[in-house]
$ cat my_file28.txt   # compact mmCIF, C-alpha atoms
# COMPACT_ATOMS: atom_id res chain seq x y z
CA MET V 1 65.28 59.30 136.99
CA THR V 2 65.31 58.44 133.29
CA LYS V 3 63.48 60.86 130.99
CA TYR V 4 61.81 59.52 127.86
CA ILE V 5 61.60 61.36 124.56
CA PHE V 6 59.29 59.93 121.90
CA VAL V 7 60.47 60.68 118.37
CA SER V 8 58.23 60.30 115.32
CA ASP V 9 57.41 61.70 111.89
CA LEU V 10 53.89 62.52 113.09
CA PHE V 11 51.93 62.54 116.32
CA LEU V 12 48.22 62.33 117.02
CA ASP V 13 47.75 66.09 116.92
CA THR V 14 48.58 66.15 113.19
CA TYR V 15 47.57 62.68 111.93
CA ARG V 16 45.18 60.09 113.33
CA GLY V 17 46.61 56.77 112.19
CA GLY V 18 46.97 53.46 113.97
CA ALA V 19 50.65 54.03 114.73
CA GLU V 20 49.94 57.47 116.15
CA LEU V 21 47.14 56.10 118.35
CA THR V 22 49.47 53.46 119.78
CA THR V 23 52.25 55.99 120.34
CA ASP V 24 49.82 58.32 122.10
CA ALA V 25 48.58 55.49 124.34
CA LEU V 26 52.17 54.79 125.41
CA MET V 27 52.90 58.46 126.00
CA ARG V 28 49.93 58.84 128.35
CA PRO V 29 50.33 55.94 130.79
CA THR V 30 48.51 55.75 134.10
CA ASP V 31 51.79 56.31 135.98
CA LYS V 32 52.03 60.11 136.03
CA THR V 33 55.54 60.10 137.55
CA ARG V 34 57.22 59.27 134.25
CA GLN V 35 58.84 62.21 132.54
CA ILE V 36 57.73 61.95 128.91
CA THR V 37 58.14 64.47 126.10
CA ALA V 38 57.86 64.31 122.32
CA SER V 39 59.99 65.52 119.43
CA ASN V 40 59.25 65.47 115.72
CA CYS V 41 61.94 63.88 113.56
CA SER V 42 62.33 67.12 111.64
CA THR V 43 63.25 69.07 114.80
CA LEU V 44 66.06 66.80 116.01
CA THR V 45 69.64 68.06 115.92
CA GLU V 46 72.94 66.65 117.17
CA GLU V 47 73.00 69.36 119.84
CA LEU V 48 69.56 68.36 121.13
CA LEU V 49 70.53 64.70 121.13
CA GLU V 50 73.77 65.36 123.00
CA THR V 51 72.07 67.53 125.61
CA ALA V 52 69.33 64.97 126.15
CA ALA V 53 71.81 62.10 126.43
CA ALA V 54 73.79 64.04 129.03
CA ASN V 55 70.57 64.43 131.04
CA ASN V 56 69.79 60.69 131.28
CA CYS V 57 67.25 60.62 128.44
CA HIS V 58 66.18 57.52 126.57
CA PHE V 59 64.73 58.05 123.10
CA ILE V 60 61.81 55.96 121.90
CA VAL V 61 61.83 56.17 118.11
CA CYS V 62 58.56 55.45 116.35
CA ASN V 63 58.00 56.15 112.63
CA PHE V 64 61.22 57.74 111.40
CA SER V 65 61.03 58.09 107.61
CA SER V 66 61.88 61.80 107.84
CA LEU V 67 64.78 61.35 110.26
CA ASP V 68 68.04 62.57 108.73
CA GLU V 69 70.41 59.71 107.94
CA LYS V 70 73.37 61.46 109.58
CA LEU V 71 71.35 61.72 112.77
CA LYS V 72 70.55 58.00 112.65
CA LEU V 73 74.27 57.23 112.51
CA PHE V 74 74.95 59.75 115.29
CA MET V 75 72.33 58.11 117.48
CA CYS V 76 73.84 54.66 116.94
CA LYS V 77 76.97 55.57 118.90
CA ASN V 78 75.96 58.50 121.08
CA VAL V 79 72.51 58.06 122.63
CA SER V 80 70.35 55.43 124.28
CA TYR V 81 67.28 54.59 122.21
CA SER V 82 64.65 51.97 121.42
CA ILE V 83 62.59 51.56 118.26
CA ILE V 84 58.88 50.79 117.91
CA GLU V 85 58.57 49.37 114.39
CA TYR V 86 55.09 49.80 112.96
CA ASP V 87 55.73 48.62 109.39
CA TYR V 88 58.83 47.77 107.31
CA LYS V 89 61.17 50.77 107.20
CA ILE V 90 64.02 48.48 106.23
CA CYS V 91 62.38 48.86 102.79
CA ASP V 92 62.34 52.24 101.02
CA HIS V 93 58.63 51.66 100.27
CA ARG V 94 57.88 50.44 103.81
CA SER V 95 56.41 47.28 102.29
CA PHE V 96 58.15 44.39 100.53
CA GLU V 97 55.07 43.78 98.39
CA LEU V 98 54.72 47.42 97.35
CA HIS V 99 58.43 47.46 96.49
CA GLU V 100 57.86 44.65 94.03
CA VAL V 101 54.82 46.39 92.52
CA VAL V 102 56.67 49.69 92.07
CA GLU V 103 60.14 48.46 91.11
CA GLY V 104 59.29 45.13 89.51
CA THR V 105 61.85 43.20 91.55
CA PRO V 106 61.93 41.64 95.03
CA CYS V 107 62.97 44.03 97.78
CA ASP V 108 66.74 44.40 98.09
CA CYS V 109 66.71 47.66 100.05
CA GLU V 110 68.89 46.20 102.79
CA THR V 111 71.77 46.21 100.26
CA ARG V 112 71.33 49.92 99.43
CA MET V 113 72.94 52.74 101.39
CA SER V 114 69.59 53.72 102.92
CA GLY V 115 69.02 50.11 103.95
CA LYS V 116 72.52 49.74 105.40
CA ILE V 117 72.02 52.85 107.52
CA ASN V 118 68.66 51.58 108.74
CA THR V 119 70.20 48.17 109.44
CA ALA V 120 72.73 49.83 111.73
CA PHE V 121 69.97 51.90 113.32
CA TYR V 122 68.00 48.77 114.25
CA ALA V 123 71.12 46.89 115.36
CA TYR V 124 72.30 49.58 117.80
CA ALA V 125 68.89 50.07 119.43
CA LYS V 126 68.61 48.88 123.02
CA LYS V 127 65.24 47.32 122.18
CA VAL V 128 63.18 46.86 119.03
CA TRP V 129 59.44 46.45 119.53
CA PHE V 130 57.35 44.83 116.81
CA MET V 131 53.64 44.70 116.09
CA SER V 132 53.39 40.94 115.43
CA HIS V 133 55.52 37.80 115.51
CA ALA V 134 55.29 37.45 111.74
CA GLN V 135 56.67 40.97 111.30
CA LYS V 136 59.48 40.32 113.78
CA ASN V 137 60.47 37.13 112.00
CA LEU V 138 60.61 38.87 108.61
CA PHE V 139 62.89 41.54 110.07
CA LEU V 140 65.18 38.92 111.57
CA SER V 141 65.40 37.17 108.20
CA LYS V 142 66.40 40.45 106.52
CA ILE V 143 68.76 41.86 109.16
CA SER V 144 71.29 39.25 110.26
CA VAL V 145 72.96 41.64 112.74
CA LEU V 146 69.71 42.25 114.62
CA LYS V 147 69.81 40.03 117.69
CA GLU V 148 66.57 38.25 118.56
CA GLU V 149 67.13 38.72 122.28
CA LYS V 150 66.68 42.48 121.93
CA CYS V 151 63.43 42.07 119.94
CA GLU V 152 59.99 41.85 121.50
CA VAL V 153 56.43 41.81 120.16
CA LEU V 154 54.28 44.61 121.58
CA ASN V 155 51.19 44.64 119.29
CA SER V 156 49.06 47.77 119.20
CA VAL V 157 48.32 49.68 122.39
CA PHE V 158 44.99 51.19 123.45
CA HIS V 159 44.08 53.81 126.01
CA TYR V 160 42.29 52.29 128.99
CA GLY V 161 39.35 54.63 128.40
CA ASP V 162 38.95 53.45 124.80
CA LEU V 163 39.01 49.80 125.87
CA LYS V 164 36.40 50.56 128.51
CA PHE V 165 34.23 52.34 125.93
CA MET V 166 34.46 49.41 123.48
CA TYR V 167 33.56 46.96 126.22
CA SER V 168 30.46 49.01 127.03
CA ILE V 169 29.15 48.78 123.43
CA LYS V 170 30.39 45.32 122.41
CA ASP V 171 26.94 43.71 122.71
CA ASN V 172 25.05 46.25 120.59
CA GLU V 173 22.50 44.81 118.17
CA LYS V 174 24.01 44.40 114.74
CA ASP V 175 22.73 45.08 111.23
CA SER V 176 23.52 43.05 108.11
CA LYS V 177 26.36 45.19 106.71
CA TYR V 178 30.05 44.46 106.40
CA LEU V 179 32.32 47.47 106.75
CA ILE V 180 35.22 48.20 104.40
CA LEU V 181 37.88 50.77 105.19
CA GLY V 182 37.94 53.50 102.57
CA SER V 183 41.63 54.28 102.15
CA ARG V 184 43.90 55.67 99.46
CA SER V 185 46.76 53.57 100.82
CA TRP V 186 47.64 50.80 98.35
CA ILE V 187 48.28 48.26 101.07
CA LYS V 188 44.75 48.51 102.53
CA GLY V 189 43.24 47.08 99.33
CA THR V 190 39.96 48.98 99.43
CA GLU V 191 38.91 48.22 95.84
CA GLU V 192 39.77 44.55 96.23
CA CYS V 193 37.67 44.35 99.41
CA ILE V 194 34.74 45.93 97.59
CA GLN V 195 35.10 43.38 94.81
CA TYR V 196 35.21 40.57 97.37
CA ALA V 197 31.92 41.80 98.85
CA LYS V 198 30.31 41.97 95.41
CA ASP V 199 31.58 38.53 94.40
CA ASN V 200 30.17 37.02 97.58
CA ASP V 201 26.85 38.93 97.58
CA LEU V 202 27.63 40.65 100.86
CA GLU V 203 25.94 43.87 101.89
CA TYR V 204 28.71 46.37 102.56
CA GLU V 205 29.48 49.98 103.41
CA VAL V 206 32.75 51.82 102.78
CA ILE V 207 33.68 54.04 105.70
CA GLY V 208 36.38 56.61 106.42
CA GLY V 209 37.01 59.91 108.13
CA LEU V 210 34.77 59.28 111.13
CA PRO V 211 35.74 60.61 114.57
CA TYR V 212 37.23 57.74 116.54
CA HIS V 213 34.37 56.96 118.90
CA GLU V 214 31.85 57.30 116.07
CA LEU V 215 33.87 54.71 114.17
CA LEU V 216 33.77 52.37 117.16
CA ILE V 217 30.00 52.78 117.49
CA LYS V 218 29.62 52.10 113.76
CA MET V 219 31.57 48.86 114.11
CA SER V 220 29.58 47.85 117.16
CA ILE V 221 26.33 47.85 115.15
CA SER V 222 27.75 46.28 111.98
CA LYS V 223 27.78 42.59 111.17
CA GLY V 224 31.40 42.40 110.20
CA LEU V 225 34.57 43.78 108.67
CA ILE V 226 36.19 42.88 105.36
CA PHE V 227 39.90 43.61 105.57
CA ARG V 228 42.12 41.94 102.99
CA PRO V 229 45.30 44.03 102.53
CA LEU V 230 47.47 43.63 99.43
CA GLY V 231 50.68 43.37 101.43
CA ASN V 232 51.72 42.47 104.95
CA ASP V 233 49.90 44.66 107.47
CA THR V 234 51.71 44.15 110.74
CA CYS V 235 48.89 44.51 113.29
CA PRO V 236 45.99 46.50 111.82
CA ARG V 237 44.23 48.29 114.63
CA MET V 238 40.82 48.30 112.94
CA VAL V 239 40.83 44.51 112.89
CA MET V 240 41.40 44.37 116.65
CA GLU V 241 38.68 46.94 117.26
CA ALA V 242 36.26 44.92 115.15
CA LYS V 243 37.19 41.74 117.04
CA MET V 244 36.58 43.38 120.41
CA LEU V 245 33.27 44.76 119.15
CA GLY V 246 32.01 41.31 118.14
CA CYS V 247 32.23 41.65 114.36
CA ASP V 248 32.53 38.78 111.91
CA LEU V 249 35.97 39.11 110.32
CA ILE V 250 36.83 38.36 106.70
CA LEU V 251 40.61 38.55 106.54
CA ASN V 252 43.50 37.22 104.49
CA ASP V 253 46.98 36.05 105.44
CA CYS V 254 48.42 39.57 105.09
CA VAL V 255 46.83 40.43 108.46
CA GLN V 256 49.93 39.39 110.34
CA HIS V 257 48.59 39.11 113.89
CA LYS V 258 45.46 37.06 113.04
CA ASP V 259 46.89 33.69 114.16
CA GLU V 260 48.42 34.83 117.45
CA PRO V 261 46.85 33.06 120.48
CA TRP V 262 45.63 36.25 122.16
CA PHE V 263 43.47 37.02 119.09
CA GLU V 264 41.47 33.79 119.27
CA THR V 265 38.48 35.17 121.20
CA GLN V 266 36.89 38.50 121.97
CA GLU V 267 37.71 38.21 125.66
CA SER V 268 41.33 37.11 125.14
CA CYS V 269 41.77 40.10 122.84
CA TYR V 270 40.47 42.46 125.52
CA GLY V 271 42.75 40.93 128.13
CA HIS V 272 45.82 41.16 125.93
CA MET V 273 45.17 44.73 124.86
CA ASP V 274 44.70 45.76 128.49
CA SER V 275 48.23 44.50 129.25
CA ARG V 276 50.22 46.15 126.48
CA ALA V 277 51.18 49.50 127.99
CA ASP V 278 52.36 47.85 131.21
CA ALA V 279 54.29 45.26 129.20
CA PHE V 280 56.11 48.07 127.43
CA TRP V 281 56.94 50.21 130.43
CA SER V 282 57.92 47.30 132.67
CA HIS V 283 60.95 46.80 130.44
CA TYR V 284 62.29 50.25 131.33
CA GLU V 285 61.48 50.39 135.04
$ encode --input "my_file28.txt" --output "structure tokens"
Amino acid sequence: MTKYIFVSDLFLDTYRGGAELTTDALMRPTDKTRQITASNCSTLTEELLETAAANNCHFIVCNFSSLDEKLKLFMCKNVSYSIIEYDYKICDHRSFELHEVVEGTPCDCETRMSGKINTAFYAYAKKVWFMSHAQKNLFLSKISVLKEEKCEVLNSVFHYGDLKFMYSIKDNEKDSKYLILGSRSWIKGTEECIQYAKDNDLEYEVIGGLPYHELLIKMSISKGLIFRPLGNDTCPRMVMEAKMLGCDLILNDCVQHKDEPWFETQESCYGHMDSRADAFWSHYE
């Protein structure tokens, strides 16, 4: 039986981000027979990788910014692994738009040594999972050696219990406020969203730091969500939560999953999200 080792910079026990929530949902599937463990990027060694490979392990690499470059090259030739790509780690800034803001030039990271190593890392993966079709297509345009047949769009993944909880509160009576995510991350565009609300005379509330189910309840009683990131956001989880909770959405084109067919209606969103974990694991079994 294949054993699966999830590898990431951070897991849900140390940071509660959208990527970590999706990773956790995949690590806790309903099929309890799967042998799943986790390893932080900083704890990996060649010896651990060799031992795991000899014991029929497949590595599932999530966010890997802290993964040593020598280990990436070692993995290319010596272990079986897949990648779940949550953003744009082909770029040193993990965002083509942020790269241009910081460096003043279009992203050329794929021509740098770091980019060449990451290019090889993607190319040797058995499978590369993306968060949206738009994200996948941008990767394919940047990495000519990445074969489309090994790429698949996963989108975010939710625990069944969280989907069930959202469904139970989706028809709550709503107030007149639009929510704005309070974030220090440049890409989330918090200040620009606040300005949008002011310019359009919308009642708004900036939120952040709430326990997860409290956040869901807050969305369920709010009129809508303003989410207009400054750069490509591959599949922002908060937008999907707001959709499933019946919120009016004010988005821009940087929300990369917004035009995918499954996102058209509240019900189609629920149905799609309910299928994601099985879609992932069916590839390996």
$ residues_around --input "my_file28.txt" --residues "Gly182 of chain V" --least-positions-apart "5" --cutoff "10 Å" --atoms "all atoms listed in the file" --output "MDAnalysis selection string"
chainID V and resid 188:191 193:194 205:209
$ residues_around --input "my_file28.txt" --residues "Arg16 of chain V" --least-positions-apart "2" --cutoff "12 Å" --atoms "all atoms listed in the file" --output "ChimeraX atom specification"
/V:10-14,18-24,208-212,237
$ atom_distance --input "my_file28.txt" --atom1 "atom CA of Leu154 of chain V" --atom2 "atom CA of Ile36 of chain V"
19.1 Å
$ atom_distance --input "my_file28.txt" --atom1 "atom CA of Tyr196 of chain V" --atom2 "atom CA of Lys223 of chain V"
15.8 Å
$ atom_distance --input "my_file28.txt" --atom1 "atom CA of Leu73 of chain V" --atom2 "atom CA of Gly17 of chain V"
27.7 Å
$ closest_residue --input "my_file28.txt" --among "V:Ser222, V:Ser168, V:Asn55, V:Gln135" --to "Glu152 of chain V" --atoms "only C-alpha atoms"
V:Gln135
$ closest_residue --input "my_file28.txt" --among "V:Met244, V:Ile60, V:Leu230, V:Ala25" --to "His99 of chain V" --atoms "only C-alpha atoms"
V:Leu230
$ closest_residue --input "my_file28.txt" --among "V:Ser132, V:Tyr167, V:Lys174, V:Met238" --to "Pro261 of chain V" --atoms "all atoms listed in the file"
V:Ser132
$ residues_around --input "my_file28.txt" --residues "segment 46-50 of chain V" --least-positions-apart "5" --cutoff "8 Å" --atoms "all atoms listed in the file" --output "number ranges by chain"
V: 71, 74-75, 78-79
$ write_last_selection --input "my_file28.txt" --atoms "C-alpha atoms" --output "tab-separated table (two decimals), in the frame of the given file"
chain	number	residue	atom	x	y	z
V	71	LEU	CA	71.35	61.72	112.77
V	74	PHE	CA	74.95	59.75	115.29
V	75	MET	CA	72.33	58.11	117.48
V	78	ASN	CA	75.96	58.50	121.08
V	79	VAL	CA	72.51	58.06	122.63
$ residues_around --input "my_file28.txt" --residues "Val239 of chain V" --least-positions-apart "3" --cutoff "10 Å" --atoms "only C-alpha atoms" --output "count of residues only"
16
$ residues_around --input "my_file28.txt" --residues "Phe59 of chain V" --least-positions-apart "2" --cutoff "7 Å" --atoms "all atoms listed in the file" --output "ChimeraX atom specification"
/V:4-7,57,61,80-82
$ closest_residue --input "my_file28.txt" --among "V:Cys107, V:Met1, V:Ala197, V:Ala125" --to "Cys91 of chain V" --atoms "all atoms listed in the file"
V:Cys107
$ closest_residue --input "my_file28.txt" --among "V:Val128, V:Val145, V:Ala134, V:Leu98" --to "Cys62 of chain V" --atoms "only C-alpha atoms"
V:Val128
$ axis_aligned_box --input "my_file28.txt" --around "segment 262-267 of chain V" --padding-each-side "5 Å" --output "AutoDock Vina command-line options"
--center_x 41.3 --center_y 36.1 --center_z 122.4 --size_x 18.7 --size_y 14.7 --size_z 16.6
$ closest_residue --input "my_file28.txt" --among "V:Phe121, V:Thr51, V:Arg28, V:Asp259" --to "Trp281 of chain V" --atoms "only C-alpha atoms"
V:Arg28
$ closest_atom_pairs --input "my_file28.txt" --of "segment 28-84 of chain V" --to "segment 109-114 of chain V" --cutoff "12 Å" --atoms "only C-alpha atoms" --output "JSON lines"
{"residue": "V:Ser65", "atom": "CA", "partner": "V:Ser114", "partner_atom": "CA", "distance": 10.7}
{"residue": "V:Leu67", "atom": "CA", "partner": "V:Ser114", "partner_atom": "CA", "distance": 11.6}
{"residue": "V:Asp68", "atom": "CA", "partner": "V:Ser114", "partner_atom": "CA", "distance": 10.7}
{"residue": "V:Glu69", "atom": "CA", "partner": "V:Ser114", "partner_atom": "CA", "distance": 7.9}
{"residue": "V:Lys70", "atom": "CA", "partner": "V:Ser114", "partner_atom": "CA", "distance": 10.9}
{"residue": "V:Lys72", "atom": "CA", "partner": "V:Ser114", "partner_atom": "CA", "distance": 10.7}
{"residue": "V:Leu73", "atom": "CA", "partner": "V:Ser114", "partner_atom": "CA", "distance": 11.2}
$ write_last_selection --input "my_file28.txt" --atoms "C-alpha atoms" --output "JSON list (two decimals), in the frame of the given file"
[["chain", "number", "residue", "atom", "x", "y", "z"],
["V", 65, "SER", "CA", 61.03, 58.09, 107.61],
["V", 67, "LEU", "CA", 64.78, 61.35, 110.26],
["V", 68, "ASP", "CA", 68.04, 62.57, 108.73],
["V", 69, "GLU", "CA", 70.41, 59.71, 107.94],
["V", 70, "LYS", "CA", 73.37, 61.46, 109.58],
["V", 72, "LYS", "CA", 70.55, 58.00, 112.65],
["V", 73, "LEU", "CA", 74.27, 57.23, 112.51]]
$ build_atoms --input "my_file28.txt" --residues "segment 122-156 of chain V" --atoms "N, CA and C atoms" --output "mmCIF file, in the frame of the given file"
data_model
loop_
_atom_site.group_PDB
_atom_site.id
_atom_site.type_symbol
_atom_site.label_atom_id
_atom_site.label_comp_id
_atom_site.auth_asym_id
_atom_site.auth_seq_id
_atom_site.Cartn_x
_atom_site.Cartn_y
_atom_site.Cartn_z
ATOM 1 N N TYR V 122 68.685 49.835 113.511
ATOM 2 C CA TYR V 122 68.000 48.770 114.250
ATOM 3 C C TYR V 122 68.985 48.011 115.151
ATOM 4 N N ALA V 123 70.163 47.723 114.631
ATOM 5 C CA ALA V 123 71.120 46.890 115.360
ATOM 6 C C ALA V 123 71.623 47.558 116.633
ATOM 7 N N TYR V 124 71.780 48.876 116.631
ATOM 8 C CA TYR V 124 72.300 49.580 117.800
ATOM 9 C C TYR V 124 71.216 49.930 118.829
ATOM 10 N N ALA V 125 69.968 49.761 118.481
ATOM 11 C CA ALA V 125 68.890 50.070 119.430
ATOM 12 C C ALA V 125 68.982 49.155 120.656
ATOM 13 N N LYS V 126 68.618 49.699 121.812
ATOM 14 C CA LYS V 126 68.610 48.880 123.020
ATOM 15 C C LYS V 126 67.495 47.848 122.967
ATOM 16 N N LYS V 127 66.403 48.204 122.293
ATOM 17 C CA LYS V 127 65.240 47.320 122.180
ATOM 18 C C LYS V 127 64.516 47.664 120.888
ATOM 19 N N VAL V 128 64.018 46.636 120.206
ATOM 20 C CA VAL V 128 63.180 46.860 119.030
ATOM 21 C C VAL V 128 61.852 46.160 119.273
ATOM 22 N N TRP V 129 60.794 46.955 119.284
ATOM 23 C CA TRP V 129 59.440 46.450 119.530
ATOM 24 C C TRP V 129 58.733 46.267 118.202
ATOM 25 N N PHE V 130 58.077 45.124 118.037
ATOM 26 C CA PHE V 130 57.350 44.830 116.810
ATOM 27 C C PHE V 130 55.860 44.705 117.077
ATOM 28 N N MET V 131 55.095 44.756 115.982
ATOM 29 C CA MET V 131 53.640 44.700 116.090
ATOM 30 C C MET V 131 53.090 43.281 116.042
ATOM 31 N N SER V 132 53.848 42.338 115.508
ATOM 32 C CA SER V 132 53.390 40.940 115.430
ATOM 33 C C SER V 132 54.610 40.042 115.317
ATOM 34 N N HIS V 133 54.411 38.764 115.629
ATOM 35 C CA HIS V 133 55.520 37.800 115.510
ATOM 36 C C HIS V 133 55.926 37.609 114.061
ATOM 37 N N ALA V 134 54.961 37.609 113.151
ATOM 38 C CA ALA V 134 55.290 37.450 111.740
ATOM 39 C C ALA V 134 56.163 38.599 111.248
ATOM 40 N N GLN V 135 55.847 39.815 111.671
ATOM 41 C CA GLN V 135 56.670 40.970 111.300
ATOM 42 C C GLN V 135 58.076 40.830 111.876
ATOM 43 N N LYS V 136 58.159 40.479 113.150
ATOM 44 C CA LYS V 136 59.480 40.320 113.780
ATOM 45 C C LYS V 136 60.320 39.291 113.038
ATOM 46 N N ASN V 137 59.723 38.177 112.670
ATOM 47 C CA ASN V 137 60.470 37.130 112.000
ATOM 48 C C ASN V 137 60.951 37.559 110.619
ATOM 49 N N LEU V 138 60.154 38.361 109.906
ATOM 50 C CA LEU V 138 60.610 38.870 108.610
ATOM 51 C C LEU V 138 61.783 39.817 108.780
ATOM 52 N N PHE V 139 61.754 40.643 109.801
ATOM 53 C CA PHE V 139 62.890 41.540 110.070
ATOM 54 C C PHE V 139 64.147 40.734 110.367
ATOM 55 N N LEU V 140 64.010 39.725 111.213
ATOM 56 C CA LEU V 140 65.180 38.920 111.570
ATOM 57 C C LEU V 140 65.758 38.201 110.360
ATOM 58 N N SER V 141 64.905 37.835 109.409
ATOM 59 C CA SER V 141 65.400 37.170 108.200
ATOM 60 C C SER V 141 66.119 38.146 107.270
ATOM 61 N N LYS V 142 65.784 39.427 107.378
ATOM 62 C CA LYS V 142 66.400 40.450 106.520
ATOM 63 C C LYS V 142 67.651 41.067 107.141
ATOM 64 N N ILE V 143 67.676 41.170 108.475
ATOM 65 C CA ILE V 143 68.760 41.860 109.160
ATOM 66 C C ILE V 143 69.507 40.865 110.051
ATOM 67 N N SER V 144 70.574 40.307 109.538
ATOM 68 C CA SER V 144 71.290 39.250 110.260
ATOM 69 C C SER V 144 71.969 39.776 111.525
ATOM 70 N N VAL V 145 72.270 41.087 111.564
ATOM 71 C CA VAL V 145 72.960 41.640 112.740
ATOM 72 C C VAL V 145 71.985 42.043 113.839
ATOM 73 N N LEU V 146 70.702 41.945 113.587
ATOM 74 C CA LEU V 146 69.710 42.250 114.620
ATOM 75 C C LEU V 146 69.527 41.023 115.501
ATOM 76 N N LYS V 147 69.840 41.157 116.768
ATOM 77 C CA LYS V 147 69.810 40.030 117.690
ATOM 78 C C LYS V 147 68.394 39.799 118.217
ATOM 79 N N GLU V 148 67.945 38.550 118.161
ATOM 80 C CA GLU V 148 66.570 38.250 118.560
ATOM 81 C C GLU V 148 66.319 38.575 120.020
ATOM 82 N N GLU V 149 67.345 38.468 120.862
ATOM 83 C CA GLU V 149 67.130 38.720 122.280
ATOM 84 C C GLU V 149 66.782 40.178 122.588
ATOM 85 N N LYS V 150 67.071 41.085 121.683
ATOM 86 C CA LYS V 150 66.680 42.480 121.930
ATOM 87 C C LYS V 150 65.356 42.830 121.239
ATOM 88 N N CYS V 151 64.698 41.836 120.642
ATOM 89 C CA CYS V 151 63.430 42.070 119.940
ATOM 90 C C CYS V 151 62.262 41.543 120.785
ATOM 91 N N GLU V 152 61.186 42.275 120.762
ATOM 92 C CA GLU V 152 59.990 41.850 121.500
ATOM 93 C C GLU V 152 58.749 42.291 120.737
ATOM 94 N N VAL V 153 57.694 41.486 120.820
ATOM 95 C CA VAL V 153 56.430 41.810 120.160
ATOM 96 C C VAL V 153 55.546 42.567 121.153
ATOM 97 N N LEU V 154 55.127 43.755 120.755
ATOM 98 C CA LEU V 154 54.280 44.610 121.580
ATOM 99 C C LEU V 154 52.813 44.507 121.168
ATOM 100 N N ASN V 155 52.533 44.466 119.876
ATOM 101 C CA ASN V 155 51.190 44.640 119.290
ATOM 102 C C ASN V 155 50.755 46.096 119.474
ATOM 103 N N SER V 156 49.566 46.415 119.025
ATOM 104 C CA SER V 156 49.060 47.770 119.200
ATOM 105 C C SER V 156 48.733 48.021 120.671
#
